[in-house]
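*Asks:* Got input_14.txt for you, compact mmCIF, C-alpha atoms:
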# COMPACT_ATOMS: atom_id res chain seq x y z
CA MET J 1 0.00 0.00 0.00
CA SER J 2 2.83 2.36 0.85
CA GLY J 3 3.96 2.04 -2.76
CA TYR J 4 1.01 4.18 -3.70
CA ILE J 5 1.98 7.09 -1.48
CA PHE J 6 4.06 8.90 -4.09
CA PRO J 7 1.60 8.51 -6.95
CA ILE J 8 -1.20 9.78 -4.72
CA LEU J 9 0.86 12.73 -3.50
CA PHE J 10 1.89 13.47 -7.06
CA GLY J 11 -1.73 13.40 -8.21
CA ILE J 12 -2.80 15.70 -5.37
CA VAL J 13 -0.03 18.17 -6.07
CA THR J 14 -0.63 18.34 -9.82
CA GLY J 15 -4.39 18.60 -9.28
CA THR J 16 -3.95 21.47 -6.85
CA ILE J 17 -1.54 23.21 -9.20
CA ALA J 18 -4.15 22.84 -11.95
CA ARG J 19 -6.68 24.56 -9.70
CA ILE J 20 -4.26 27.39 -8.96
CA LEU J 21 -3.63 27.89 -12.66
CA LEU J 22 -7.35 27.93 -13.41
CA LEU J 23 -7.98 30.37 -10.58
CA ARG J 24 -5.42 32.77 -11.97
CA THR J 25 -6.91 32.87 -15.42
CA ASP J 26 -10.23 34.09 -14.10
CA TYR J 27 -11.60 37.04 -16.05
CA ARG J 28 -14.81 37.29 -14.06
CA GLN J 29 -13.44 39.43 -11.27
CA TYR J 30 -14.26 36.65 -8.87
CA PRO J 31 -13.00 35.56 -6.43
CA THR J 32 -11.21 38.82 -5.90
CA TYR J 33 -9.75 38.29 -2.50
CA LEU J 34 -7.90 35.88 -0.33
CA HIS J 35 -10.75 34.16 1.48
CA GLY J 36 -12.61 33.33 -1.69
CA LYS J 37 -9.41 32.00 -3.16
CA ILE J 38 -8.67 29.83 -0.15
CA ILE J 39 -12.10 28.23 -0.37
CA HIS J 40 -11.52 27.29 -3.98
CA LEU J 41 -7.97 26.11 -3.42
CA SER J 42 -9.14 23.87 -0.58
CA LEU J 43 -11.93 22.45 -2.70
CA GLY J 44 -9.41 21.95 -5.50
CA PHE J 45 -7.18 20.08 -3.08
CA ILE J 46 -10.08 17.84 -2.07
CA ALA J 47 -10.98 17.22 -5.69
CA ALA J 48 -7.40 16.35 -6.54
CA SER J 49 -7.19 13.96 -3.57
CA LEU J 50 -10.36 12.19 -4.62
CA GLY J 51 -9.13 11.79 -8.16
CA ALA J 52 -5.71 10.58 -7.10
CA LEU J 53 -7.08 8.13 -4.51
CA ALA J 54 -9.40 6.46 -6.98
CA VAL J 55 -6.57 4.79 -8.90
CA PRO J 56 -4.96 2.80 -6.06
CA ALA J 57 -8.43 1.86 -4.86
CA LEU J 58 -9.21 0.35 -8.26
CA LEU J 59 -5.87 -1.41 -8.47
CA GLU J 60 -6.42 -2.95 -5.06
CA LYS J 61 -9.76 -4.21 -6.39
CA GLU J 62 -11.64 -2.04 -3.92
CA PHE J 63 -14.31 -1.30 -6.49
CA THR J 64 -16.75 0.15 -4.03
CA ALA J 65 -14.27 2.96 -3.46
CA VAL J 66 -15.41 4.39 -6.78
CA THR J 67 -18.71 5.30 -5.15
CA LEU J 68 -16.62 7.92 -3.38
CA LEU J 69 -16.63 9.76 -6.68
CA THR J 70 -20.39 10.17 -6.49
CA VAL J 71 -19.89 11.85 -3.14
CA ALA J 72 -17.46 14.12 -4.92
CA ALA J 73 -20.02 14.93 -7.58
CA THR J 74 -22.57 15.88 -4.93
CA GLN J 75 -19.96 17.93 -3.17
CA PHE J 76 -19.14 19.92 -6.28
CA ARG J 77 -22.74 20.46 -7.18
CA ASP J 78 -22.91 22.13 -3.80
CA VAL J 79 -20.02 24.32 -4.86
CA ARG J 80 -22.18 25.49 -7.71
CA ASN J 81 -25.07 26.19 -5.36
CA MET J 82 -22.81 28.02 -2.97
CA GLU J 83 -21.41 30.25 -5.70
CA ARG J 84 -24.85 30.92 -7.10
CA ASN J 85 -26.30 31.84 -3.72
CA THR J 86 -23.42 34.06 -2.70
CA LEU J 87 -23.30 35.90 -5.98
CA THR J 88 -27.07 36.34 -6.16
CA GLU J 89 -27.09 37.78 -2.65
CA MET J 90 -24.26 40.14 -3.49
CA ASP J 91 -25.76 41.12 -6.80
CA SER J 92 -28.50 43.23 -5.27
CA PHE J 93 -25.84 45.51 -3.82
CA GLU J 94 -23.99 46.09 -7.06
CA LEU J 95 -24.47 49.47 -8.71
CA VAL J 96 -24.80 47.60 -11.97
CA THR J 97 -25.92 44.03 -11.47
CA ARG J 98 -24.23 41.00 -12.96
CA GLY J 99 -27.46 39.33 -13.92
CA LYS J 100 -28.59 35.76 -13.37
CA THR J 101 -27.12 34.37 -16.57
CA TYR J 102 -23.66 35.66 -15.75
CA ILE J 103 -23.88 34.29 -12.21
CA GLU J 104 -25.01 30.90 -13.45
CA GLY J 105 -22.09 30.91 -15.88
CA ILE J 106 -19.63 31.59 -13.08
CA ALA J 107 -21.21 28.92 -10.86
CA ILE J 108 -21.07 26.32 -13.64
CA SER J 109 -17.44 27.08 -14.35
CA PHE J 110 -16.52 26.65 -10.70
CA GLU J 111 -18.15 23.25 -10.62
CA SER J 112 -16.58 22.09 -13.86
CA ARG J 113 -13.16 23.29 -12.83
CA ASN J 114 -13.26 20.97 -9.87
CA TYR J 115 -13.99 18.07 -12.19
CA LEU J 116 -11.05 19.04 -14.36
CA VAL J 117 -8.88 19.05 -11.26
CA MET J 118 -10.23 15.63 -10.32
CA PHE J 119 -9.41 14.22 -13.75
CA THR J 120 -5.94 15.72 -13.55
CA GLY J 121 -5.36 14.03 -10.21
CA PHE J 122 -6.75 10.75 -11.54
CA LEU J 123 -4.74 10.68 -14.76
CA THR J 124 -1.44 11.72 -13.22
CA SER J 125 -1.57 9.20 -10.40
CA LEU J 126 -2.66 6.52 -12.90
CA THR J 127 0.26 7.17 -15.23
CA TYR J 128 2.64 7.39 -12.30
CA ILE J 129 1.59 3.89 -11.15
CA ILE J 130 1.48 2.30 -14.59
CA TRP J 131 4.61 3.86 -16.05
CA ASN J 132 6.75 6.30 -14.10
CA VAL J 133 7.01 9.83 -12.77
CA PHE J 134 8.33 11.34 -16.01
CA ILE J 135 5.38 10.27 -18.09
CA ALA J 136 3.13 11.45 -15.27
CA ILE J 137 4.75 14.88 -15.48
CA ILE J 138 4.12 14.99 -19.24
CA ILE J 139 0.48 14.00 -18.67
CA ALA J 140 0.19 16.68 -15.99
CA ILE J 141 1.44 19.34 -18.40
CA ILE J 142 -0.99 18.13 -21.07
CA CYS J 143 -3.78 18.32 -18.47
CA PHE J 144 -2.82 21.90 -17.57
CA ILE J 145 -2.90 22.94 -21.21
CA LEU J 146 -6.18 21.12 -21.86
CA GLY J 147 -7.73 22.65 -18.76
CA HIS J 148 -6.66 26.06 -19.93
CA ILE J 149 -8.15 25.55 -23.39
CA LEU J 150 -11.37 24.07 -22.05
CA MET J 151 -11.87 26.86 -19.57
CA SER J 152 -11.29 29.81 -21.85
CA GLY J 153 -14.53 30.30 -23.74
CA SER J 154 -15.02 32.67 -26.62
CA ILE J 155 -15.37 36.41 -26.19
CA LEU J 156 -17.77 38.92 -27.70
CA GLU J 157 -15.19 40.05 -30.23
CA ASP J 158 -15.30 36.61 -31.82
CA ILE J 159 -19.00 36.79 -32.64
CA ALA J 160 -19.64 40.50 -33.10
CA GLU J 161 -18.10 43.74 -34.24
CA ILE J 162 -17.96 46.69 -31.85
CA ASN J 163 -17.97 50.30 -33.00
CA ARG J 164 -18.21 53.64 -31.27
CA ALA J 165 -21.46 55.46 -31.97
CA ASP J 166 -22.85 58.88 -31.16
CA ILE J 167 -25.52 59.40 -28.55
CA SER J 168 -28.22 61.93 -29.24
CA PHE J 169 -31.57 63.15 -27.98
CA ASP J 170 -34.62 63.27 -30.16
CA GLY J 171 -36.90 65.27 -27.90
CA ALA J 172 -36.75 63.30 -24.67
CA GLY J 173 -35.76 60.04 -26.36
CA LEU J 174 -32.15 58.98 -25.94
CA HIS J 175 -30.68 57.24 -28.97
CA VAL J 176 -27.43 55.43 -29.66
CA ASP J 177 -26.95 55.73 -33.40
CA ASN J 178 -30.54 55.06 -34.49
CA ILE J 179 -31.46 52.71 -31.65
CA TYR J 180 -33.89 54.06 -29.07
CA ILE J 181 -32.64 53.58 -25.50
CA MET J 182 -34.98 55.38 -23.09
CA ASN J 183 -36.97 58.51 -22.33
CA ILE J 184 -35.17 61.09 -20.19
CA GLY J 185 -37.44 63.98 -19.23
CA LEU J 186 -35.25 66.39 -17.32
CA ALA J 187 -32.98 68.75 -19.21
CA GLU J 188 -30.46 68.53 -16.41
CA ARG J 189 -30.24 64.72 -16.71
CA GLN J 190 -30.00 65.01 -20.46
CA LYS J 191 -26.99 67.28 -20.06
CA GLU J 192 -25.33 64.82 -17.69
CA ILE J 193 -25.97 62.00 -20.09
CA MET J 194 -24.56 63.91 -23.04
CA LYS J 195 -21.51 64.70 -20.94
CA TYR J 196 -20.79 61.32 -19.40
CA GLY J 197 -22.57 58.88 -21.67
CA MET J 198 -20.90 56.83 -24.35
CA GLY J 199 -22.50 54.81 -27.09
CA PHE J 200 -21.39 51.68 -28.89
CA ILE J 201 -22.97 49.55 -31.56
CA VAL J 202 -22.44 45.80 -31.41
CA THR J 203 -23.05 44.24 -34.80
CA PRO J 204 -23.46 40.44 -34.83
CA LYS J 205 -21.29 38.61 -37.35
CA ASN J 206 -23.74 35.81 -38.15
CA MET J 207 -27.19 34.41 -37.49
CA ASN J 208 -26.15 32.53 -34.34
CA ALA J 209 -24.60 35.65 -32.90
CA ILE J 210 -27.82 37.66 -33.39
CA THR J 211 -29.69 35.40 -30.99
CA THR J 212 -26.79 35.06 -28.58
CA ILE J 213 -26.15 38.77 -28.08
CA GLY J 214 -29.87 39.42 -27.97
CA ASN J 215 -30.04 37.42 -24.73
CA LEU J 216 -30.84 39.72 -21.83
CA GLY J 217 -28.30 38.03 -19.58
CA GLN J 218 -25.57 38.49 -22.17
CA ARG J 219 -26.47 42.16 -22.48
CA GLN J 220 -26.38 42.62 -18.71
CA ALA J 221 -22.95 40.99 -18.67
CA ILE J 222 -21.68 43.56 -21.17
CA ILE J 223 -22.97 46.45 -19.06
CA HIS J 224 -21.61 44.91 -15.87
CA ASP J 225 -18.14 44.33 -17.29
CA VAL J 226 -17.89 47.85 -18.68
CA SER J 227 -19.05 49.28 -15.35
CA VAL J 228 -16.53 47.20 -13.42
CA ALA J 229 -13.62 48.02 -15.71
CA LEU J 230 -14.30 51.72 -16.24
CA GLY J 231 -16.40 52.70 -13.25
CA VAL J 232 -19.94 53.96 -13.51
CA PHE J 233 -21.45 57.42 -13.21
CA ARG J 234 -24.40 56.53 -11.05
CA ASP J 235 -25.62 56.12 -7.50
CA SER J 236 -28.52 54.47 -5.75
CA GLY J 237 -31.63 56.55 -6.25
CA THR J 238 -30.66 57.74 -9.72
CA PRO J 239 -32.43 55.25 -11.94
CA ALA J 240 -32.25 57.67 -14.84
CA LEU J 241 -28.49 57.24 -14.96
CA MET J 242 -28.66 53.58 -15.88
CA PRO J 243 -26.43 51.99 -18.48
CA LEU J 244 -28.71 50.17 -20.89
CA ILE J 245 -28.57 48.03 -23.99
CA LYS J 246 -31.37 47.97 -26.49
CA ARG J 247 -31.75 46.02 -29.65
CA ASP J 248 -32.44 47.05 -33.20
CA LEU J 249 -35.32 44.79 -34.15
CA ASP J 250 -34.50 45.00 -37.84
CA ASP J 251 -31.04 43.53 -37.83
CA GLY J 252 -30.30 42.48 -34.26
CA ARG J 253 -27.62 45.10 -33.67
CA LEU J 254 -27.23 46.21 -30.06
CA GLY J 255 -27.11 49.82 -29.01
CA VAL J 256 -24.91 49.93 -25.91
CA PHE J 257 -25.31 52.98 -23.72
CA VAL J 258 -22.86 53.23 -20.83
CA LEU J 259 -21.86 55.88 -18.31
CA PRO J 260 -18.20 55.18 -17.58
CA GLN J 261 -16.19 57.19 -15.10
CA ILE J 262 -13.05 56.71 -17.14
CA ARG J 263 -14.14 58.02 -20.50
CA ASP J 264 -11.69 56.24 -22.73
CA ALA J 265 -13.44 54.96 -25.84
CA ALA J 266 -10.59 52.70 -26.93
CA VAL J 267 -10.45 50.92 -23.58
CA ALA J 268 -14.24 50.69 -23.40
CA LYS J 269 -14.31 49.10 -26.85
CA LYS J 270 -11.70 46.60 -25.76
CA VAL J 271 -13.61 45.80 -22.58
CA ILE J 272 -16.83 45.19 -24.50
CA GLY J 273 -14.91 43.04 -26.96
CA SER J 274 -13.52 40.83 -24.22
CA VAL J 275 -16.83 40.22 -22.45
CA PRO J 276 -17.19 36.46 -22.23
CA VAL J 277 -19.86 34.90 -24.41
CA LEU J 278 -22.02 33.34 -21.72
CA GLU J 279 -22.50 29.62 -22.05
CA ASN J 280 -26.19 29.91 -21.21
CA ALA J 281 -26.77 32.63 -23.78
CA VAL J 282 -25.28 30.75 -26.72
CA ARG J 283 -27.88 29.72 -29.28
CA MET J 284 -27.20 27.91 -32.48
CA PRO J 285 -30.19 28.26 -34.78
CA SER J 286 -28.00 27.25 -37.72
CA GLU J 287 -27.56 23.83 -36.11
CA THR J 288 -31.26 22.99 -36.13
CA ASN J 289 -32.40 20.31 -38.52
CA ALA J 290 -34.64 22.58 -40.53
CA TYR J 291 -31.68 24.68 -41.63
CA LYS J 292 -29.41 21.73 -42.16
CA LYS J 293 -31.88 20.03 -44.48
CA GLY J 294 -32.39 23.26 -46.36
CA ALA J 295 -28.67 23.58 -46.80
CA HIS J 296 -28.39 20.03 -48.16
CA LYS J 297 -30.98 20.72 -50.85
CA LYS J 298 -28.96 23.62 -52.13
CA MET V 1 -49.37 39.69 -10.06
CA ASN V 2 -46.51 42.05 -9.45
CA ILE V 3 -46.80 45.45 -11.03
CA GLU V 4 -43.30 46.25 -12.19
CA LYS V 5 -43.83 49.73 -13.49
CA ALA V 6 -46.11 52.36 -12.08
CA ILE V 7 -46.75 56.03 -12.67
CA LEU V 8 -46.01 57.63 -9.32
CA ALA V 9 -46.85 61.20 -10.22
CA VAL V 10 -47.98 63.38 -13.08
CA ILE V 11 -46.58 66.90 -13.49
CA THR V 12 -48.07 69.28 -15.98
CA THR V 13 -48.52 72.91 -16.88
CA ASN V 14 -51.67 72.22 -18.84
CA ARG V 15 -54.61 71.65 -16.53
CA GLU V 16 -56.88 70.45 -19.32
CA LYS V 17 -54.73 67.50 -20.30
CA ILE V 18 -55.04 65.57 -17.09
CA ALA V 19 -57.55 63.89 -14.82
CA GLY V 20 -57.56 61.48 -11.89
CA GLY V 21 -55.35 58.45 -11.26
CA ALA V 22 -51.88 59.24 -10.01
CA PRO V 23 -51.05 62.27 -7.84
CA ILE V 24 -51.06 65.33 -10.04
CA PHE V 25 -48.81 68.37 -9.67
CA LEU V 26 -49.91 71.48 -11.49
CA CYS V 27 -47.25 74.01 -12.41
CA GLU V 28 -47.29 77.49 -13.82
CA THR V 29 -44.15 77.50 -15.90
CA LYS V 30 -41.86 75.06 -17.66
CA GLN V 31 -39.14 75.96 -15.15
CA GLU V 32 -41.31 75.07 -12.21
CA LEU V 33 -42.28 71.85 -13.95
CA GLU V 34 -38.64 70.86 -14.39
CA LEU V 35 -37.83 71.71 -10.79
CA ILE V 36 -40.70 69.69 -9.37
CA ALA V 37 -39.97 66.78 -11.70
CA ALA V 38 -36.30 66.80 -10.65
CA ASN V 39 -37.22 66.85 -6.97
CA LEU V 40 -39.81 64.12 -7.33
CA GLU V 41 -37.37 62.01 -9.30
CA ALA V 42 -34.86 62.23 -6.48
CA ILE V 43 -37.43 61.60 -3.78
CA MET V 44 -39.22 58.70 -5.40
CA ASP V 45 -36.19 56.96 -6.94
CA GLY V 46 -38.08 57.01 -10.20
CA ILE V 47 -37.33 58.39 -13.61
CA ALA V 48 -38.87 61.59 -14.95
CA HIS V 49 -40.13 60.91 -18.45
CA ALA V 50 -41.33 63.62 -20.77
CA LEU V 51 -44.47 62.76 -22.69
CA SER V 52 -44.64 66.22 -24.19
CA GLU V 53 -43.27 69.67 -23.43
CA GLU V 54 -45.96 70.28 -20.84
CA LEU V 55 -46.51 66.80 -19.46
CA PHE V 56 -44.03 64.82 -17.34
CA ILE V 57 -44.55 61.57 -15.46
CA ILE V 58 -42.48 59.96 -12.74
CA VAL V 59 -42.22 56.22 -13.31
CA LYS V 60 -40.86 53.59 -10.98
CA HIS V 61 -39.00 50.92 -12.94
Please, can you express the file's structure as structure tokens?
*Replies:*
Amino acid sequence: MSGYIFPILFGIVTGTIARILLLRTDYRQYPTYLHGKIIHLSLGFIAASLGALAVPALLEKEFTAVTLLTVAATQFRDVRNMERNTLTEMDSFELVTRGKTYIEGIAISFESRNYLVMFTGFLTSLTYIIWNVFIAIIIAIICFILGHILMSGSILEDIAEINRADISFDGAGLHVDNIYIMNIGLAERQKEIMKYGMGFIVTPKNMNAITTIGNLGQRQAIIHDVSVALGVFRDSGTPALMPLIKRDLDDGRLGVFVLPQIRDAAVAKKVIGSVPVLENAVRMPSETNAYKKGAHKK
Amino acid sequence: MNIEKAILAVITTNREKIAGGAPIFLCETKQELELIAANLEAIMDGIAHALSEELFIIVKH
């Protein structure tokens, strides 16, 4: 049994390192501080241990030990719940909310990262036992790279084009380019908005992107990210100063109206471009059978 | 059913255009109208929307 000590330790260490690497590449501004990080590192450590322990258990013909993995699955589903609950609670205190879709996306990624860590622990300890430590190291590196690829989803820039646009008032109606945003009655507010507001047009690159960026959660994510990165000119009790995104019904373009504190159009454009495409917002109408059959006929 | 939006107040300079419903604030001038709308907006945490030059509403979103 003691022969398994090193493979298990190796699996735990590589799994934990994988978690650290995944934690560092987080673009979601969460967790931002030490305590949150410690929670996730500890859970990563547990996940890695479970993965690494499974191999010796199987080799010793302790097949029931695999049921431990189901405990792990339950455990990590709880991670997802925990993240969802915390973030939802916190969301009501944000000046610009994240939105449910964004939160769900973060929660899902935290759960799935733990599984990746578990697989890393499993594979490295397996290869260590079957072959040797060097092959296990190679497998670990492959796992790190794979984890990195799997966890970095696409960004808005990939599916849409972002351009600066003018904001204007037509009477009391605020417009970004030709897209109506909202009705602002007071001249004073209108002045503030003309001074601090910035407009962008997000043009979808294809049919799938039209539906994806039309998703309300995806739109909220854009506003949230811009507000986090550039600050927001707003306070509680000033609902008129609300960054908003509205859609052009004709072609699915989005009119993005934001009130950044740092009024740098180039940075804002970059921030919008690097907003993650939310997993739950992605729609693929072009993949439905109706379209596929139509395409075959042509 | 939850009512998500509601007209909290109506502010106008034209007495003939309005009747009943929400609290109504009658004003003499456009300036007074803007002032009252701005104050109400701040007090009610709503948004002052202009329906026309002489008719404003405060809406809770």
*Asks:* Env of J:Gly121: 8 Å cut, atoms = all atoms listed in the file, seq-sep filter 2 positions within chain, self excluded. Answer as a ChimeraX atom specification.
*Replies:* /J:10-15,47-52,117-119,123-125
*Asks:* What is the distance between atom CA of J:Gly252 and atom CA of J:Thr203, in Å to one decimal?
*Replies:*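 For atom CA of J:Gly252 relative to atom CA of J:Thr203, the distance reads 7.5 Å.
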*Asks:* Contacts of V:Ala50 at 9 Å or less, counting all atoms listed in the file, minus same-chain residues fewer than 6 places along, as an MDAnalysis selection string?
*Replies:* (chainID J and resid 171:173 183:186) or (chainID V and resid 56:58)
*Asks:* Write the residues of the preceding selection, restricted to C-alpha atoms, as a PDB file, in the coordinates of the input.
*Replies:*
ATOM      1  CA  GLY J 171     -36.900  65.270 -27.900  1.00  0.00           C
ATOM      2  CA  ALA J 172     -36.750  63.300 -24.670  1.00  0.00           C
ATOM      3  CA  GLY J 173     -35.760  60.040 -26.360  1.00  0.00           C
ATOM      4  CA  ASN J 183     -36.970  58.510 -22.330  1.00  0.00           C
ATOM      5  CA  ILE J 184     -35.170  61.090 -20.190  1.00  0.00           C
ATOM      6  CA  GLY J 185     -37.440  63.980 -19.230  1.00  0.00           C
ATOM      7  CA  LEU J 186     -35.250  66.390 -17.320  1.00  0.00           C
TER       8      LEU J 186
ATOM      9  CA  PHE V  56     -44.030  64.820 -17.340  1.00  0.00           C
ATOM     10  CA  ILE V  57     -44.550  61.570 -15.460  1.00  0.00           C
ATOM     11  CA  ILE V  58     -42.480  59.960 -12.740  1.00  0.00           C
TER      12      ILE V  58
END
*Asks:* One number please: atom CA of J:Asn280 to atom CA of J:Gln218, in Å, one decimal.
*Replies:*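 Separation between atom CA of J:Asn280 and atom CA of J:Gln218: 8.7 Å.
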*Asks:* Would you kindly report the residues of chain V within 6 Å of chain J, using only C-alpha atoms, as a VMD selection string?
*Replies:* chain V and resid 45 47 to 50
*Asks:* For each of J:Leu53, J:Ile201, J:Val232, J:Ile149, take the minimum atom-to-atom distance to J:Thr67, counting all atoms listed in the file, then give the residue where this is smallest.
*Replies:* J:Leu53
*Asks:* Between J:Gln190, J:Thr70, J:Asn114, J:Asn85, which is the closest to J:Gly147 once you count all atoms listed in the file?
*Replies:*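 Selected residue with least distance to J:Gly147: J:Asn114.
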*Asks:* To test the calculation: enclose all listed atoms of stretch 225-233 of chain J in a box whose edges run along x, y and z, add 8 Å on each side, then state centre and edge lengths in Å to one decimal, as lines of an AutoDock Vina configuration file.
*Replies:*
center_x = -17.5
center_y = 50.9
center_z = -15.9
size_x = 23.8
size_y = 29.1
size_z = 21.5
*Asks:* Measuring between all atoms listed in the file, which one of V:Ser52, V:Ile11, V:Lys60, V:Leu40 shows the shortest distance to V:Glu28?
*Replies:*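 Of V:Ser52, V:Ile11, V:Lys60, V:Leu40, the one nearest V:Glu28 is V:Ile11, counting all atoms listed in the file.
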*Asks:* Pick out the residues sitting within 10 Å of V:Cys27, and hand them over as number ranges by chain; count all atoms listed in the file, and ignore anything fewer than 3 positions along from it in its own chain.
*Replies:* V: 11-15, 24, 30-36, 54
*Asks:* Can you list, as an mmCIF file with C-alpha atoms, in the coordinates of the input, every protein, DNA or RNA residue that comes within 12 Å of J:Arg113 when you count only C-alpha atoms, leaving out same-chain residues fewer than 3 positions away?
*Replies:*
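After the write, result-v6.cif holds the following:
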data_model
loop_
_atom_site.group_PDB
_atom_site.id
_atom_site.type_symbol
_atom_site.label_atom_id
_atom_site.label_comp_id
_atom_site.auth_asym_id
_atom_site.auth_seq_id
_atom_site.Cartn_x
_atom_site.Cartn_y
_atom_site.Cartn_z
ATOM 1 C CA GLY J 15 -4.390 18.600 -9.280
ATOM 2 C CA THR J 16 -3.950 21.470 -6.850
ATOM 3 C CA ALA J 18 -4.150 22.840 -11.950
ATOM 4 C CA ARG J 19 -6.680 24.560 -9.700
ATOM 5 C CA ILE J 20 -4.260 27.390 -8.960
ATOM 6 C CA LEU J 21 -3.630 27.890 -12.660
ATOM 7 C CA LEU J 22 -7.350 27.930 -13.410
ATOM 8 C CA LEU J 23 -7.980 30.370 -10.580
ATOM 9 C CA THR J 25 -6.910 32.870 -15.420
ATOM 10 C CA ASP J 26 -10.230 34.090 -14.100
ATOM 11 C CA HIS J 40 -11.520 27.290 -3.980
ATOM 12 C CA LEU J 41 -7.970 26.110 -3.420
ATOM 13 C CA LEU J 43 -11.930 22.450 -2.700
ATOM 14 C CA GLY J 44 -9.410 21.950 -5.500
ATOM 15 C CA PHE J 45 -7.180 20.080 -3.080
ATOM 16 C CA ALA J 47 -10.980 17.220 -5.690
ATOM 17 C CA ALA J 48 -7.400 16.350 -6.540
ATOM 18 C CA PHE J 76 -19.140 19.920 -6.280
ATOM 19 C CA ARG J 77 -22.740 20.460 -7.180
ATOM 20 C CA VAL J 79 -20.020 24.320 -4.860
ATOM 21 C CA ARG J 80 -22.180 25.490 -7.710
ATOM 22 C CA ILE J 106 -19.630 31.590 -13.080
ATOM 23 C CA ALA J 107 -21.210 28.920 -10.860
ATOM 24 C CA ILE J 108 -21.070 26.320 -13.640
ATOM 25 C CA SER J 109 -17.440 27.080 -14.350
ATOM 26 C CA PHE J 110 -16.520 26.650 -10.700
ATOM 27 C CA LEU J 116 -11.050 19.040 -14.360
ATOM 28 C CA VAL J 117 -8.880 19.050 -11.260
ATOM 29 C CA MET J 118 -10.230 15.630 -10.320
ATOM 30 C CA PHE J 119 -9.410 14.220 -13.750
ATOM 31 C CA THR J 120 -5.940 15.720 -13.550
ATOM 32 C CA PHE J 144 -2.820 21.900 -17.570
ATOM 33 C CA LEU J 146 -6.180 21.120 -21.860
ATOM 34 C CA GLY J 147 -7.730 22.650 -18.760
ATOM 35 C CA HIS J 148 -6.660 26.060 -19.930
ATOM 36 C CA ILE J 149 -8.150 25.550 -23.390
ATOM 37 C CA LEU J 150 -11.370 24.070 -22.050
ATOM 38 C CA MET J 151 -11.870 26.860 -19.570
ATOM 39 C CA SER J 152 -11.290 29.810 -21.850
#
*Asks:* If you measure from atom CA of J:Val55 to atom CA of J:Ile138, what distance in Å do you get, rounded to one decimal?
*Replies:*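 Pair atom CA of J:Val55 / atom CA of J:Ile138 returns 18.0 Å.
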*Asks:* Since the input lacks some atoms of stretch 39-49 of chain J, please model N, CA, C and O atoms and print them as a tab-separated table (two decimals), keeping the file's coordinate frame.
*Replies:*
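Dumped to part30.tsv:
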chain	number	residue	atom	x	y	z
J	39	ILE	N	-11.00	29.19	-0.25
J	39	ILE	CA	-12.10	28.23	-0.37
J	39	ILE	C	-11.91	27.38	-1.62
J	39	ILE	O	-11.99	26.15	-1.58
J	40	HIS	N	-11.59	28.03	-2.73
J	40	HIS	CA	-11.52	27.29	-3.98
J	40	HIS	C	-10.26	26.45	-4.06
J	40	HIS	O	-10.27	25.37	-4.65
J	41	LEU	N	-9.18	26.93	-3.44
J	41	LEU	CA	-7.97	26.11	-3.42
J	41	LEU	C	-8.19	24.87	-2.57
J	41	LEU	O	-7.78	23.76	-2.94
J	42	SER	N	-8.88	25.03	-1.44
J	42	SER	CA	-9.14	23.87	-0.58
J	42	SER	C	-10.01	22.85	-1.31
J	42	SER	O	-9.74	21.65	-1.27
J	43	LEU	N	-11.06	23.37	-1.96
J	43	LEU	CA	-11.93	22.45	-2.70
J	43	LEU	C	-11.16	21.76	-3.82
J	43	LEU	O	-11.38	20.59	-4.10
J	44	GLY	N	-10.25	22.53	-4.45
J	44	GLY	CA	-9.41	21.95	-5.50
J	44	GLY	C	-8.55	20.84	-4.94
J	44	GLY	O	-8.39	19.78	-5.56
J	45	PHE	N	-8.02	21.08	-3.75
J	45	PHE	CA	-7.18	20.08	-3.08
J	45	PHE	C	-7.99	18.81	-2.81
J	45	PHE	O	-7.54	17.69	-3.08
J	46	ILE	N	-9.21	18.99	-2.33
J	46	ILE	CA	-10.08	17.84	-2.07
J	46	ILE	C	-10.37	17.08	-3.36
J	46	ILE	O	-10.29	15.85	-3.42
J	47	ALA	N	-10.69	17.85	-4.40
J	47	ALA	CA	-10.98	17.22	-5.69
J	47	ALA	C	-9.79	16.42	-6.19
J	47	ALA	O	-9.93	15.28	-6.64
J	48	ALA	N	-8.61	17.03	-6.08
J	48	ALA	CA	-7.40	16.35	-6.54
J	48	ALA	C	-7.17	15.07	-5.74
J	48	ALA	O	-6.83	14.02	-6.30
J	49	SER	N	-7.39	15.14	-4.42
J	49	SER	CA	-7.19	13.96	-3.57
J	49	SER	C	-8.13	12.84	-3.99
J	49	SER	O	-7.72	11.68	-4.12
